[in-house]
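Here's the structure we're looking at; comments come further down.
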Amino acid sequence: MKTSADPIRRCILSGDREPRGELIRLALGPDGQVLPDIRAKAPGRGAWIGVRRSELDAANAKGKLRGALARAFKTNELTIPTDLGTRIADQLQRAFLDRLGLESKAGKIVNGTERVEKAARAGQVHLLLHASDAGTDGARKLAQAWRVGRDREGSGEEGLALPLPRTILSLALGRENVVHIAVTDPAAAVRVRDALDRWRHFIGPDLTTEPCETASQGASALPAAAGSTSGSAENDEEIE
């Protein structure tokens with residue numbers, strides 16, 4: 001989660017300044033290898049990026065990333081994996097799935113069409129998610145129930161289609177055939193949405209799967225909320 005109190009960091013590639021929770025930290029390992037540190041917990045100096053994966057991959061291929069990292073880490077003795085973008089995307093996906101799993105174990109997630117619909121009509125759903133291979137009719141039905149439960153009929157608001165199929169979601173939650181997910185706790189919904197937004201921002205629209213409903217690409221009705229980013233890292237450049 002991000003707050004107005006988040007330290008501001010500068011993307012080494014674009015030069016844009018953003019709250020730390022919206023960027024990805026890169027750390028320099030003892031062997032000089034540049035590694036993703038998405039939880040921002042690795043010791044030592046860090047470098048921050050806020051660009052999409054396609055831009056990072058292009059900068060890596062052209063040598064622009066090496067120059068920016070050499071300046072950030074103040075050394076030329078570094079090795080950048082050619083698959084750095086893939087590693088970051090994989091870690092962001094894992095962080096999102098881990099968050100879903102934690103919220104599920106805490107009893108803040110329900111799945112199954114009937115249970116999701118019941119919770120939605122009761123106004124208990126704060127975030128509605130669908131697997132990438134969810135059926136259009138099922139997603140539309142649950143979205144309607146969600147709007148009814150929140151007195152927002154006619155708004156056209158939909159849940160969010162995830163760039164993940166039901167098989168992956170089922171493994172993450174330790175349940176069978178997870179197609180639709182409802183987050184029933186407001187704070188949990190913010191945490192899940194933050195992890196999802198961070199991942200989707202990095203991989204970009206070109207690398208996400210087609211949603212089960214076009215309107216799912218838009219923001220859900222979950223409002224922006226305050227919180228704090230997890231983890232901390234020392235010796236990074238802070239921009240006032």
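Residues in the structure tokens are named by chain (A, B, ... in the order shown) and by number from 1 within that chain; ligands are numbered from 1 in the order shown.
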Taking the chain letters and numbering used in this document, name the residues of region 145-175 of chain A that DSSP puts in alpha helix (DSSP H), as a list in words.
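Listing alpha helix (DSSP H) positions across region 145-175 of chain A yields Ala145, Trp146, Arg147, Val148, Gly149, Arg166, Thr167, Ile168, Leu169, Ser170, Leu171, Ala172 and Leu173 of chain A.
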Grab the residues selected above and save them as a short mmCIF file (atom, residue, chain, number, x, y, z; two decimals), in the first residue's frame with N, CA, C and O atoms.
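This is the output file part_18.cif:
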```cif
data_model
loop_
_atom_site.label_atom_id
_atom_site.label_comp_id
_atom_site.auth_asym_id
_atom_site.auth_seq_id
_atom_site.Cartn_x
_atom_site.Cartn_y
_atom_site.Cartn_z
N ALA A 145 -24.57 -8.61 -9.38
CA ALA A 145 -24.84 -8.83 -7.96
C ALA A 145 -24.03 -7.87 -7.10
O ALA A 145 -24.51 -7.35 -6.08
N TRP A 146 -22.80 -7.62 -7.52
CA TRP A 146 -21.90 -6.71 -6.79
C TRP A 146 -22.47 -5.29 -6.80
O TRP A 146 -22.49 -4.60 -5.79
N ARG A 147 -22.94 -4.87 -7.96
CA ARG A 147 -23.50 -3.52 -8.05
C ARG A 147 -24.77 -3.39 -7.21
O ARG A 147 -24.99 -2.38 -6.55
N VAL A 148 -25.60 -4.43 -7.22
CA VAL A 148 -26.82 -4.41 -6.43
C VAL A 148 -26.49 -4.30 -4.95
O VAL A 148 -27.09 -3.50 -4.20
N GLY A 149 -25.54 -5.08 -4.50
CA GLY A 149 -25.17 -5.07 -3.08
C GLY A 149 -24.57 -3.76 -2.62
O GLY A 149 -24.60 -3.45 -1.42
N ARG A 166 -7.50 -20.11 -14.07
CA ARG A 166 -8.01 -20.71 -12.83
C ARG A 166 -7.04 -21.72 -12.22
O ARG A 166 -7.02 -21.89 -11.00
N THR A 167 -6.24 -22.39 -13.05
CA THR A 167 -5.32 -23.39 -12.50
C THR A 167 -4.30 -22.74 -11.57
O THR A 167 -4.00 -23.28 -10.50
N ILE A 168 -3.78 -21.59 -11.95
CA ILE A 168 -2.80 -20.90 -11.12
C ILE A 168 -3.46 -20.35 -9.85
O ILE A 168 -2.90 -20.44 -8.75
N LEU A 169 -4.64 -19.77 -10.00
CA LEU A 169 -5.34 -19.23 -8.84
C LEU A 169 -5.71 -20.35 -7.85
O LEU A 169 -5.65 -20.15 -6.63
N SER A 170 -6.08 -21.49 -8.37
CA SER A 170 -6.43 -22.61 -7.50
C SER A 170 -5.23 -23.07 -6.68
O SER A 170 -5.34 -23.37 -5.49
N LEU A 171 -4.07 -23.12 -7.31
CA LEU A 171 -2.85 -23.50 -6.59
C LEU A 171 -2.51 -22.47 -5.52
O LEU A 171 -2.11 -22.82 -4.40
N ALA A 172 -2.66 -21.20 -5.86
CA ALA A 172 -2.30 -20.14 -4.92
C ALA A 172 -3.19 -20.15 -3.67
O ALA A 172 -2.72 -19.91 -2.56
N LEU A 173 -4.47 -20.45 -3.86
CA LEU A 173 -5.41 -20.44 -2.75
C LEU A 173 -5.57 -21.81 -2.10
O LEU A 173 -6.22 -21.94 -1.06
#
```
Can you pull out every residue from chain A that DSSP, working from the backbone, puts in strand (DSSP E or B), and format the result as a ChimeraX atom specification?
/A:8-11,17-19,24-28,33-36,46-49,79,109-111,127-130,160-161,180-183,239
Please report the interatomic distance between CA of Gly67 (chain A) and CA of Asp6 (chain A) in Å with one decimal.
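Interatomic distance here is 27.1 Å.
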Which neighbours of region 187-195 of chain A fall inside 7 Å, counting only C-alpha atoms, when residues of the same chain fewer than 3 positions from it are skipped, and could you give them as a list in words?
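Once the nearby chain positions are removed, what remains is Met1, Ala95, Phe96, Arg99, Leu100, Glu103, Lys108, His126, Leu127, Val183, Arg198, Trp199 and Ala225 of chain A.
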Contacts of Arg152 (chain A) within 12 Å, only C-alpha atoms, excl. fewer than 6 positions in-chain, as a count of residues only:
9
Separation of CA of Ala61 (chain A) and CA of Pro163 (chain A), in Å?
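Answer for the CA of Ala61 (chain A) to CA of Pro163 (chain A) separation: 25.9 Å.
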Set the distance at 12 Å and use only C-alpha atoms: which residues neighbour Cys11 (chain A) once local chain neighbours fewer than 3 positions away are removed? I'd like the list as a list of chain:residue names.
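So the residues in contact are A:Ile8, A:Ser14, A:Gly15, A:Asp16, A:Arg17, A:Glu18, A:Pro19, A:Arg20, A:Glu22, A:Leu23, A:Ile24, A:Arg25, A:Leu26, A:Gly46, A:Ala47, A:Trp48, A:Ile49, A:Gly50, A:Val51, A:Arg52, A:Leu56, A:Leu65, A:Ala68, A:Leu69, A:Ala72, A:Asp236, A:Glu237, A:Glu238, A:Ile239.
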Could you please determine the separation between CA of Ala161 (chain A) and CA of Arg39 (chain A) in Å, to one decimal place?
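Atom-to-atom, CA of Ala161 (chain A) to CA of Arg39 (chain A), that is 24.6 Å.
Using only C-alpha atoms for every distance, the candidate list A:Gly204, A:Arg175, A:Thr113, A:Gly101 yields A:Thr113 as the residue closest to Gly135 (chain A).
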I want to know what sits within 8 Å of region 86-90 of chain A, based on only C-alpha atoms, with residues of the same chain fewer than 5 positions away left out; could you give that as a PDB file with all heavy atoms, in the first residue's frame?
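And here's around_21.pdb as it stands now:
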```pdb
ATOM      1  N   PRO A  36      16.395  -8.241  -8.756  1.00  0.00           N
ATOM      2  CA  PRO A  36      15.191  -7.522  -8.304  1.00  0.00           C
ATOM      3  C   PRO A  36      15.005  -7.685  -6.804  1.00  0.00           C
ATOM      4  O   PRO A  36      15.245  -8.752  -6.246  1.00  0.00           O
ATOM      5  CB  PRO A  36      14.062  -8.198  -9.089  1.00  0.00           C
ATOM      6  CG  PRO A  36      14.595  -9.527  -9.497  1.00  0.00           C
ATOM      7  CD  PRO A  36      16.071  -9.377  -9.647  1.00  0.00           C
ATOM      8  N   ILE A  38      11.904  -6.645  -4.955  1.00  0.00           N
ATOM      9  CA  ILE A  38      10.592  -6.006  -5.003  1.00  0.00           C
ATOM     10  C   ILE A  38      10.029  -5.693  -3.622  1.00  0.00           C
ATOM     11  O   ILE A  38       9.158  -4.844  -3.489  1.00  0.00           O
ATOM     12  CB  ILE A  38       9.589  -6.856  -5.801  1.00  0.00           C
ATOM     13  CG1 ILE A  38       9.317  -8.183  -5.103  1.00  0.00           C
ATOM     14  CG2 ILE A  38      10.073  -7.065  -7.222  1.00  0.00           C
ATOM     15  CD1 ILE A  38       8.120  -8.907  -5.666  1.00  0.00           C
ATOM     16  N   ARG A  53       7.946  -3.272 -18.353  1.00  0.00           N
ATOM     17  CA  ARG A  53       8.902  -4.313 -18.703  1.00  0.00           C
ATOM     18  C   ARG A  53       9.461  -4.118 -20.103  1.00  0.00           C
ATOM     19  O   ARG A  53      10.671  -4.325 -20.336  1.00  0.00           O
ATOM     20  CB  ARG A  53       8.238  -5.681 -18.587  1.00  0.00           C
ATOM     21  CG  ARG A  53       9.142  -6.814 -19.024  1.00  0.00           C
ATOM     22  CD  ARG A  53       8.454  -8.154 -18.899  1.00  0.00           C
ATOM     23  NE  ARG A  53       9.258  -9.197 -19.511  1.00  0.00           N
ATOM     24  CZ  ARG A  53       8.944 -10.480 -19.511  1.00  0.00           C
ATOM     25  NH1 ARG A  53       7.820 -10.881 -18.944  1.00  0.00           N
ATOM     26  NH2 ARG A  53       9.723 -11.372 -20.084  1.00  0.00           N
ATOM     27  N   TRP A 199       2.016  -5.183 -10.174  1.00  0.00           N
ATOM     28  CA  TRP A 199       2.389  -6.198 -11.154  1.00  0.00           C
ATOM     29  C   TRP A 199       1.896  -5.820 -12.543  1.00  0.00           C
ATOM     30  O   TRP A 199       2.650  -5.848 -13.524  1.00  0.00           O
ATOM     31  CB  TRP A 199       1.801  -7.542 -10.706  1.00  0.00           C
ATOM     32  CG  TRP A 199       1.944  -8.663 -11.674  1.00  0.00           C
ATOM     33  CD1 TRP A 199       3.006  -8.908 -12.504  1.00  0.00           C
ATOM     34  CD2 TRP A 199       0.993  -9.697 -11.925  1.00  0.00           C
ATOM     35  NE1 TRP A 199       2.773 -10.044 -13.245  1.00  0.00           N
ATOM     36  CE2 TRP A 199       1.551 -10.548 -12.908  1.00  0.00           C
ATOM     37  CE3 TRP A 199      -0.263 -10.002 -11.393  1.00  0.00           C
ATOM     38  CZ2 TRP A 199       0.880 -11.669 -13.384  1.00  0.00           C
ATOM     39  CZ3 TRP A 199      -0.922 -11.113 -11.860  1.00  0.00           C
ATOM     40  CH2 TRP A 199      -0.356 -11.933 -12.843  1.00  0.00           C
ATOM     41  N   PHE A 202       3.833  -3.076 -14.307  1.00  0.00           N
ATOM     42  CA  PHE A 202       5.128  -3.474 -14.853  1.00  0.00           C
ATOM     43  C   PHE A 202       4.988  -4.290 -16.125  1.00  0.00           C
ATOM     44  O   PHE A 202       5.672  -4.022 -17.121  1.00  0.00           O
ATOM     45  CB  PHE A 202       5.928  -4.260 -13.815  1.00  0.00           C
ATOM     46  CG  PHE A 202       7.283  -4.688 -14.336  1.00  0.00           C
ATOM     47  CD1 PHE A 202       8.298  -3.767 -14.528  1.00  0.00           C
ATOM     48  CD2 PHE A 202       7.524  -6.017 -14.652  1.00  0.00           C
ATOM     49  CE1 PHE A 202       9.536  -4.160 -15.039  1.00  0.00           C
ATOM     50  CE2 PHE A 202       8.753  -6.422 -15.164  1.00  0.00           C
ATOM     51  CZ  PHE A 202       9.768  -5.486 -15.346  1.00  0.00           C
ATOM     52  N   ILE A 203       4.128  -5.287 -16.144  1.00  0.00           N
ATOM     53  CA  ILE A 203       4.034  -6.151 -17.316  1.00  0.00           C
ATOM     54  C   ILE A 203       3.354  -5.452 -18.483  1.00  0.00           C
ATOM     55  O   ILE A 203       3.599  -5.776 -19.641  1.00  0.00           O
ATOM     56  CB  ILE A 203       3.321  -7.482 -17.009  1.00  0.00           C
ATOM     57  CG1 ILE A 203       1.867  -7.260 -16.571  1.00  0.00           C
ATOM     58  CG2 ILE A 203       4.081  -8.258 -15.952  1.00  0.00           C
ATOM     59  CD1 ILE A 203       1.110  -8.557 -16.318  1.00  0.00           C
TER      60      ILE A 203
END
```
Contacts of Leu142 (chain A) at 12 Å (only C-alpha atoms; same-chain gap of 6+ positions) as an NGL selection string:
:A and (111-121 or 125 or 127-130 or 134-136 or 148-149 or 157-160 or 179-182 or 213)
Residues as selected, N, CA and C atoms, written as a CSV table (one decimal), in the first residue's frame, can you do that?
```
chain,number,residue,atom,x,y,z
A,111,ASN,N,-14.6,-17.8,-2.6
A,111,ASN,CA,-14.7,-18.1,-4.0
A,111,ASN,C,-15.8,-19.1,-4.3
A,112,GLY,N,-16.0,-19.4,-5.5
A,112,GLY,CA,-17.2,-20.2,-5.9
A,112,GLY,C,-18.3,-19.3,-6.2
A,113,THR,N,-19.0,-19.5,-7.4
A,113,THR,CA,-20.0,-18.6,-7.9
A,113,THR,C,-21.1,-18.3,-6.9
A,114,GLU,N,-21.6,-19.3,-6.3
A,114,GLU,CA,-22.7,-19.1,-5.4
A,114,GLU,C,-22.3,-18.3,-4.1
A,115,ARG,N,-21.2,-18.6,-3.6
A,115,ARG,CA,-20.7,-17.9,-2.4
A,115,ARG,C,-20.4,-16.5,-2.7
A,116,VAL,N,-19.7,-16.3,-3.9
A,116,VAL,CA,-19.4,-14.9,-4.3
A,116,VAL,C,-20.6,-14.1,-4.5
A,117,GLU,N,-21.6,-14.7,-5.2
A,117,GLU,CA,-22.8,-14.0,-5.5
A,117,GLU,C,-23.6,-13.6,-4.2
A,118,LYS,N,-23.6,-14.5,-3.3
A,118,LYS,CA,-24.3,-14.2,-2.0
A,118,LYS,C,-23.6,-13.1,-1.2
A,119,ALA,N,-22.3,-13.1,-1.2
A,119,ALA,CA,-21.6,-12.1,-0.5
A,119,ALA,C,-21.7,-10.8,-1.2
A,120,ALA,N,-21.7,-10.8,-2.5
A,120,ALA,CA,-21.9,-9.6,-3.3
A,120,ALA,C,-23.2,-8.9,-3.1
A,121,ARG,N,-24.3,-9.7,-3.1
A,121,ARG,CA,-25.6,-9.1,-2.9
A,121,ARG,C,-25.8,-8.6,-1.5
A,125,VAL,N,-18.7,-7.5,-0.5
A,125,VAL,CA,-17.5,-7.7,-1.4
A,125,VAL,C,-16.9,-6.3,-1.7
A,127,LEU,N,-13.7,-6.2,-3.4
A,127,LEU,CA,-13.0,-6.3,-4.6
A,127,LEU,C,-13.4,-7.6,-5.3
A,128,LEU,N,-13.7,-7.5,-6.5
A,128,LEU,CA,-14.2,-8.7,-7.3
A,128,LEU,C,-13.2,-9.0,-8.4
A,129,LEU,N,-12.7,-10.3,-8.4
A,129,LEU,CA,-11.7,-10.7,-9.4
A,129,LEU,C,-12.1,-11.9,-10.2
A,130,HIS,N,-11.7,-12.0,-11.4
A,130,HIS,CA,-12.0,-13.2,-12.2
A,130,HIS,C,-10.8,-13.7,-12.9
A,134,ALA,N,-12.3,-17.1,-17.1
A,134,ALA,CA,-13.7,-17.1,-16.6
A,134,ALA,C,-14.7,-16.9,-17.8
A,135,GLY,N,-15.9,-17.4,-17.6
A,135,GLY,CA,-16.9,-17.2,-18.7
A,135,GLY,C,-17.5,-15.8,-18.6
A,136,THR,N,-17.8,-15.2,-19.7
A,136,THR,CA,-18.4,-13.9,-19.7
A,136,THR,C,-19.7,-13.8,-19.0
A,148,VAL,N,-25.6,-4.4,-7.2
A,148,VAL,CA,-26.8,-4.4,-6.4
A,148,VAL,C,-26.5,-4.3,-4.9
A,149,GLY,N,-25.5,-5.1,-4.5
A,149,GLY,CA,-25.2,-5.1,-3.1
A,149,GLY,C,-24.6,-3.8,-2.6
A,157,GLU,N,-20.1,-0.8,-13.5
A,157,GLU,CA,-18.8,-1.3,-12.8
A,157,GLU,C,-18.7,-2.8,-12.9
A,158,GLU,N,-17.5,-3.2,-13.2
A,158,GLU,CA,-17.2,-4.7,-13.3
A,158,GLU,C,-16.1,-5.0,-12.3
A,159,GLY,N,-15.9,-6.4,-12.2
A,159,GLY,CA,-14.7,-6.8,-11.5
A,159,GLY,C,-13.5,-6.7,-12.4
A,160,LEU,N,-12.4,-7.2,-11.9
A,160,LEU,CA,-11.1,-7.1,-12.7
A,160,LEU,C,-10.8,-8.5,-13.2
A,179,VAL,N,-12.3,-19.7,-9.9
A,179,VAL,CA,-12.6,-18.9,-11.1
A,179,VAL,C,-12.9,-17.4,-10.8
A,180,HIS,N,-13.7,-17.2,-9.7
A,180,HIS,CA,-14.1,-15.9,-9.3
A,180,HIS,C,-13.7,-15.8,-7.8
A,181,ILE,N,-13.2,-14.6,-7.5
A,181,ILE,CA,-12.6,-14.3,-6.1
A,181,ILE,C,-13.3,-13.0,-5.6
A,182,ALA,N,-13.8,-13.1,-4.4
A,182,ALA,CA,-14.3,-11.9,-3.7
A,182,ALA,C,-13.6,-11.6,-2.5
A,213,GLU,N,-14.3,-9.7,-19.7
A,213,GLU,CA,-15.3,-8.7,-19.9
A,213,GLU,C,-14.5,-7.4,-20.2
```
Which residue gives the smallest distance to Leu164 (chain A) among A:Arg9, A:Arg66, A:Arg200, A:Arg45, with only C-alpha atoms counted?
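Looking at the shortest contact to Leu164 (chain A), the residue is A:Arg200.
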